[in-house]
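Enquirer: Input file: final-v7.txt. Contents: compact mmCIF, C-alpha atoms.
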# COMPACT_ATOMS: atom_id res chain seq x y z
CA MET A 98 14.28 8.90 -11.12
CA GLY A 99 11.82 6.55 -9.51
CA SER A 100 8.11 6.06 -9.75
CA THR A 101 5.30 7.58 -7.73
CA ILE A 102 5.07 4.45 -5.56
CA PRO A 103 7.99 3.76 -3.18
CA ASP A 104 9.68 0.40 -3.74
CA PHE A 105 9.98 -0.23 0.02
CA ALA A 106 8.21 0.38 3.30
CA LEU A 107 10.00 2.03 6.22
CA HIS A 108 10.27 0.37 9.61
CA PRO A 109 7.52 1.79 11.88
CA LEU A 110 10.12 3.22 14.29
CA LEU A 111 11.44 5.45 11.51
CA CYS A 112 8.15 6.50 9.91
CA TYR A 113 6.81 10.02 9.97
CA THR A 114 3.06 10.16 10.40
CA GLN A 115 0.78 13.17 10.24
CA HIS A 116 -1.23 11.65 13.09
CA ASP A 117 0.13 11.92 16.62
CA ILE A 118 1.41 8.69 18.19
CA ILE A 119 0.84 10.46 21.49
CA PRO A 120 -0.10 14.15 21.74
CA GLY A 121 2.64 16.23 20.12
CA HIS A 122 4.64 13.32 18.64
CA CYS A 123 4.40 12.27 14.99
CA SER A 124 7.08 9.57 15.21
CA HIS A 125 7.54 6.48 17.34
CA ILE A 126 11.01 7.73 18.32
CA LEU A 127 11.85 10.59 20.65
CA TRP A 128 15.38 11.67 19.73
CA ASP A 129 17.28 14.95 19.83
CA LEU A 130 19.83 14.89 17.01
CA ARG A 131 22.31 16.71 19.25
CA GLU A 132 22.53 13.49 21.29
CA ALA A 133 23.92 10.10 20.27
CA PRO A 134 21.44 7.72 18.62
CA GLU A 135 21.70 5.48 21.68
CA SER A 136 19.70 8.14 23.57
CA ALA A 137 16.68 7.62 21.28
CA ARG A 138 13.58 6.31 23.04
CA ARG A 139 10.19 4.99 22.02
CA VAL A 140 7.55 7.64 22.70
CA LEU A 141 5.40 4.94 24.29
CA LYS A 142 8.29 3.78 26.56
CA LEU A 143 10.24 6.88 27.54
CA ASP A 144 11.86 5.18 30.52
CA GLU A 145 14.15 3.05 28.34
CA PRO A 146 16.26 3.68 25.22
CA LEU A 147 15.78 1.74 22.02
CA SER A 148 17.09 -1.78 22.48
CA PRO A 149 19.94 -3.33 20.48
CA PHE A 150 17.22 -5.48 18.90
CA ASP A 151 15.30 -2.36 17.78
CA LEU A 152 18.45 -0.80 16.31
CA SER A 153 19.36 -4.02 14.46
CA GLN A 154 16.00 -4.27 12.66
CA PRO A 155 15.94 -3.67 8.89
CA ALA A 156 15.15 -0.03 8.16
CA THR A 157 13.02 -1.07 5.19
CA SER A 158 10.97 -3.94 3.87
CA PRO A 159 12.28 -5.38 1.68
CA PRO A 160 15.78 -4.59 2.96
CA VAL A 161 17.86 -2.16 0.89
CA LEU A 162 21.66 -2.01 0.65
CA VAL A 163 21.71 1.78 0.20
CA LEU A 164 19.32 4.41 1.53
CA HIS A 165 19.57 8.12 0.71
CA VAL A 166 18.17 10.65 3.17
CA THR A 167 17.50 14.31 2.40
CA CYS A 168 16.13 17.10 4.55
CA GLY A 169 14.63 20.42 3.51
CA MET A 170 15.64 21.93 6.86
CA PHE A 171 19.33 21.73 5.98
CA PRO A 172 20.47 25.20 4.86
CA VAL A 173 22.76 23.61 2.26
CA GLU A 174 22.88 20.12 0.77
CA TRP A 175 24.23 17.60 3.29
CA PRO A 176 23.71 14.24 1.65
CA ILE A 177 23.13 11.31 3.98
CA GLU A 178 23.89 7.95 2.42
CA VAL A 179 23.40 4.84 4.51
CA ARG A 180 25.04 1.61 3.31
CA ARG A 181 25.17 -1.95 4.60
CA LEU A 182 25.76 -5.06 2.49
CA GLN A 183 23.44 -7.10 4.71
CA GLY A 184 20.71 -4.44 4.49
CA VAL A 185 20.43 -1.03 6.16
CA THR A 186 19.22 -1.15 9.78
CA VAL A 187 17.29 1.31 11.97
CA GLY A 188 20.52 1.95 13.89
CA ASP A 189 22.46 2.58 10.67
CA VAL A 190 19.98 5.28 9.68
CA LEU A 191 20.08 7.03 13.05
CA HIS A 192 23.89 6.90 13.17
CA ALA A 193 24.21 8.24 9.60
CA ILE A 194 21.91 11.18 10.38
CA HIS A 195 23.81 11.92 13.60
CA ASP A 196 27.21 11.66 11.85
CA VAL A 197 26.20 14.21 9.20
CA VAL A 198 24.74 16.80 11.60
CA SER A 199 27.61 16.39 14.11
CA LYS A 200 30.24 17.57 11.62
CA GLN A 201 31.77 21.00 11.84
CA ILE A 202 30.31 23.33 9.25
CA ARG A 203 32.80 24.00 6.45
CA ARG A 204 33.84 27.55 5.59
CA ASP A 205 32.22 27.33 2.12
CA GLU A 206 28.93 26.18 3.73
CA TRP A 207 29.11 29.05 6.24
CA GLU A 208 29.74 31.60 3.49
CA LEU A 209 26.61 30.46 1.62
CA LEU A 210 24.48 31.57 4.58
CA CYS A 211 23.17 35.12 4.80
CA LEU A 212 24.32 37.31 7.70
CA LYS A 213 20.96 36.92 9.48
CA GLN A 214 21.29 33.10 9.37
CA GLN A 215 24.88 33.33 10.59
CA ASP A 216 23.78 35.50 13.52
CA ARG A 217 20.99 33.09 14.52
CA ILE A 218 23.33 30.11 14.26
CA GLY A 219 25.90 31.99 16.33
CA VAL A 220 23.36 32.38 19.14
CA VAL A 221 22.55 28.64 19.05
CA PHE A 222 26.27 27.81 19.05
CA ASP A 223 26.90 30.12 22.03
CA ASN A 224 24.01 28.54 23.94
CA ARG A 225 25.26 25.02 23.17
CA CYS A 226 28.74 25.87 24.43
CA ARG A 227 27.37 27.62 27.51
CA MET A 228 25.43 24.45 28.40
CA SER A 229 28.38 22.15 27.63
CA VAL A 230 30.34 20.42 30.38
CA ASP A 231 33.57 21.44 28.63
CA ARG A 232 33.00 24.92 27.20
CA GLU A 233 36.53 25.24 25.83
CA GLU A 234 36.29 21.96 23.91
CA CYS A 235 32.89 23.00 22.56
CA ARG A 236 34.27 26.30 21.28
CA ALA A 237 37.33 24.54 19.83
CA ARG A 238 35.08 22.21 17.81
CA GLY A 239 33.40 25.25 16.31
CA VAL A 240 29.96 25.60 14.79
CA LEU A 241 28.43 22.23 14.00
CA ARG A 242 25.89 21.53 11.30
CA VAL A 243 23.32 20.76 14.00
CA ASP A 244 23.65 24.40 15.15
CA CYS A 245 22.40 25.41 11.69
CA LEU A 246 19.12 23.60 12.35
CA LEU A 247 18.47 26.23 15.03
CA HIS A 248 15.75 24.72 17.23
CA HIS A 249 14.57 22.02 14.79
CA THR A 250 16.77 19.29 16.26
CA TRP A 251 14.19 16.62 17.12
CA PHE A 252 13.63 13.61 14.88
CA ALA A 253 10.08 13.57 13.51
CA GLY A 254 10.44 10.61 11.17
CA LEU A 255 11.23 9.62 7.61
CA SER A 256 8.95 9.51 4.57
CA ALA A 257 9.73 7.46 1.50
CA SER A 258 10.46 9.69 -1.48
CA LEU A 259 7.99 9.48 -4.34
CA VAL A 260 10.63 10.83 -6.73
CA ASP A 261 13.94 9.07 -6.08
CA ASP A 262 14.47 5.33 -5.60
CA CYS A 263 15.83 4.17 -2.23
CA SER A 264 15.43 7.66 -0.86
CA CYS A 265 13.72 9.19 2.17
CA ILE A 266 12.88 12.65 3.39
CA LEU A 267 13.84 13.48 6.98
CA THR A 268 11.35 15.56 8.94
CA LEU A 269 12.60 17.51 11.96
CA ARG A 270 10.69 19.40 14.60
CA ARG A 271 11.13 21.71 17.55
CA PRO A 272 10.98 20.22 21.04
CA LYS A 273 7.59 20.25 22.70
CA LEU A 274 7.68 22.12 25.99
What is this file in structure tokens?
Expert:
Amino acid sequence: MGSTIPDFALHPLLCYTQHDIIPGHCSHILWDLREAPESARRVLKLDEPLSPFDLSQPATSPPVLVLHVTCGMFPVEWPIEVRRLQGVTVGDVLHAIHDVVSKQIRRDEWELLCLKQQDRIGVVFDNRCRMSVDREECRARGVLRVDCLLHHTWFAGLSASLVDDCSCILTLRRPKL
């Protein structure tokens, strides 16, 4: 257990803020977790993706070798642990989040969900496959963890945990129409 003061500061690109960066956006990054991290864009520069320089920046100051990310939107515990001996980068964090939510849901995870949740997730899965270029491949991959997030698939930033050392809380949001 940590203290009530985080032992690091998050890179501004990763930070959640309760104040809009631009109307409707509480993070400097616009990123749909269903897409690869390379599709992430700055909300103030939507015409270009994050640069390799942006992705290579330390995720924290001072740099940490391990960063744990949790999210209350996950229907079951899906731990995200980001590691890099030279210090975790912004890109490492985005890739770790994407890797975890892109996995197929395991049978034991599925069985923990109530029937109503399963039905809602099934609708999201069907819609994802219907929109896919290769519907058969989509169906063959099965339900992914990101389907379980329903419509909360947009990155809204990270907040340093006040409870656990080297830990952050991931905030997700629905897309703004």
Enquirer: What's the 12 Å shell around A:Phe222, counting only C-alpha atoms, without same-chain residues fewer than 6 positions away, as JSON, numbers by chain?
Expert: {"A": [131, 201, 202, 215, 216, 228, 229, 232, 235, 236, 237, 238, 239, 240, 241, 242, 243, 244, 245, 246, 247, 248]}
Enquirer: Excluding stretch 159-173 of chain A and any residue of its chain fewer than 5 positions from it, enumerate the residues within 10 Å of it, using all atoms listed in the file, and give them as a ChimeraX atom specification.
Expert: /A:104-108,154,178-186,189-190,193-194,198,206-207,209-210,214,242-243,245-247,249-250,255-258,261-270
Enquirer: Selection from above, C-alpha atoms, as an mmCIF file, keeping the file's coordinate frame, can you write it?
Expert:
data_model
loop_
_atom_site.group_PDB
_atom_site.id
_atom_site.type_symbol
_atom_site.label_atom_id
_atom_site.label_comp_id
_atom_site.auth_asym_id
_atom_site.auth_seq_id
_atom_site.Cartn_x
_atom_site.Cartn_y
_atom_site.Cartn_z
ATOM 1 C CA ASP A 104 9.680 0.400 -3.740
ATOM 2 C CA PHE A 105 9.980 -0.230 0.020
ATOM 3 C CA ALA A 106 8.210 0.380 3.300
ATOM 4 C CA LEU A 107 10.000 2.030 6.220
ATOM 5 C CA HIS A 108 10.270 0.370 9.610
ATOM 6 C CA GLN A 154 16.000 -4.270 12.660
ATOM 7 C CA GLU A 178 23.890 7.950 2.420
ATOM 8 C CA VAL A 179 23.400 4.840 4.510
ATOM 9 C CA ARG A 180 25.040 1.610 3.310
ATOM 10 C CA ARG A 181 25.170 -1.950 4.600
ATOM 11 C CA LEU A 182 25.760 -5.060 2.490
ATOM 12 C CA GLN A 183 23.440 -7.100 4.710
ATOM 13 C CA GLY A 184 20.710 -4.440 4.490
ATOM 14 C CA VAL A 185 20.430 -1.030 6.160
ATOM 15 C CA THR A 186 19.220 -1.150 9.780
ATOM 16 C CA ASP A 189 22.460 2.580 10.670
ATOM 17 C CA VAL A 190 19.980 5.280 9.680
ATOM 18 C CA ALA A 193 24.210 8.240 9.600
ATOM 19 C CA ILE A 194 21.910 11.180 10.380
ATOM 20 C CA VAL A 198 24.740 16.800 11.600
ATOM 21 C CA GLU A 206 28.930 26.180 3.730
ATOM 22 C CA TRP A 207 29.110 29.050 6.240
ATOM 23 C CA LEU A 209 26.610 30.460 1.620
ATOM 24 C CA LEU A 210 24.480 31.570 4.580
ATOM 25 C CA GLN A 214 21.290 33.100 9.370
ATOM 26 C CA ARG A 242 25.890 21.530 11.300
ATOM 27 C CA VAL A 243 23.320 20.760 14.000
ATOM 28 C CA CYS A 245 22.400 25.410 11.690
ATOM 29 C CA LEU A 246 19.120 23.600 12.350
ATOM 30 C CA LEU A 247 18.470 26.230 15.030
ATOM 31 C CA HIS A 249 14.570 22.020 14.790
ATOM 32 C CA THR A 250 16.770 19.290 16.260
ATOM 33 C CA LEU A 255 11.230 9.620 7.610
ATOM 34 C CA SER A 256 8.950 9.510 4.570
ATOM 35 C CA ALA A 257 9.730 7.460 1.500
ATOM 36 C CA SER A 258 10.460 9.690 -1.480
ATOM 37 C CA ASP A 261 13.940 9.070 -6.080
ATOM 38 C CA ASP A 262 14.470 5.330 -5.600
ATOM 39 C CA CYS A 263 15.830 4.170 -2.230
ATOM 40 C CA SER A 264 15.430 7.660 -0.860
ATOM 41 C CA CYS A 265 13.720 9.190 2.170
ATOM 42 C CA ILE A 266 12.880 12.650 3.390
ATOM 43 C CA LEU A 267 13.840 13.480 6.980
ATOM 44 C CA THR A 268 11.350 15.560 8.940
ATOM 45 C CA LEU A 269 12.600 17.510 11.960
ATOM 46 C CA ARG A 270 10.690 19.400 14.600
#
Enquirer: Any idea what's packed within 9 Å of A:Leu191, counting all atoms listed in the file, ignoring anything in its chain fewer than 6 positions away? Could you give it as a list of chain:residue names?
Expert: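 Here the qualifying residues turn out to be A:Leu111, A:Leu130, A:Ala133, A:Pro134, A:Glu135, A:Ala137, A:Leu152.
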Enquirer: Separation of atom CA of A:Ser148 and atom CA of A:Glu132, in Å?
Expert: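 One can read the atom CA of A:Ser148 to atom CA of A:Glu132 distance as 16.3 Å.
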Enquirer: I'd like to know which of A:Ile118, A:Leu259, A:Ile177, A:Val187 is closest to A:Phe150, using only C-alpha atoms.
Expert: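 Under the stated criterion, the closest residue is A:Val187.
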Enquirer: Would you mind reading off the distance between atom CA of A:Lys273 and atom CA of A:His122, one decimal, in Å?
Expert: 8.6 Å
Enquirer: Could you give me, as a VMD selection string, the residues within 7 Å of A:Arg138, counting all atoms listed in the file and dropping anything in the same chain fewer than 3 positions from it?
Expert: chain A and resid 126 to 128 142 to 143 145 to 147
Enquirer: Please measure the separation of atom CA of A:Trp251 and atom CA of A:Ser124, giving the value in Å to one decimal.
Expert: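 So the two atoms, atom CA of A:Trp251 and atom CA of A:Ser124, lie 10.2 Å apart.
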Enquirer: Just want the 8 Å neighbourhood of A:Ile119, counted on only C-alpha atoms, with same-chain residues fewer than 3 positions away dropped. Output as a ChimeraX atom specification.
Expert: /A:122-123,140-141
Enquirer: Given all atoms listed in the file as the basis, pick out the residue of A:Ser153, A:Pro109, A:His116, A:Phe252 nearest to A:Arg271.
Expert: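 Counting all atoms listed in the file, the residue closest to A:Arg271 is A:Phe252.
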Enquirer: Of the candidates A:Leu110, A:Pro272, A:Val230, A:Leu212, which shows the shortest atom-to-atom distance to A:Ala156, using only C-alpha atoms?
Expert: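 Comparing A:Leu110, A:Pro272, A:Val230, A:Leu212 against A:Ala156, the winner is A:Leu110.
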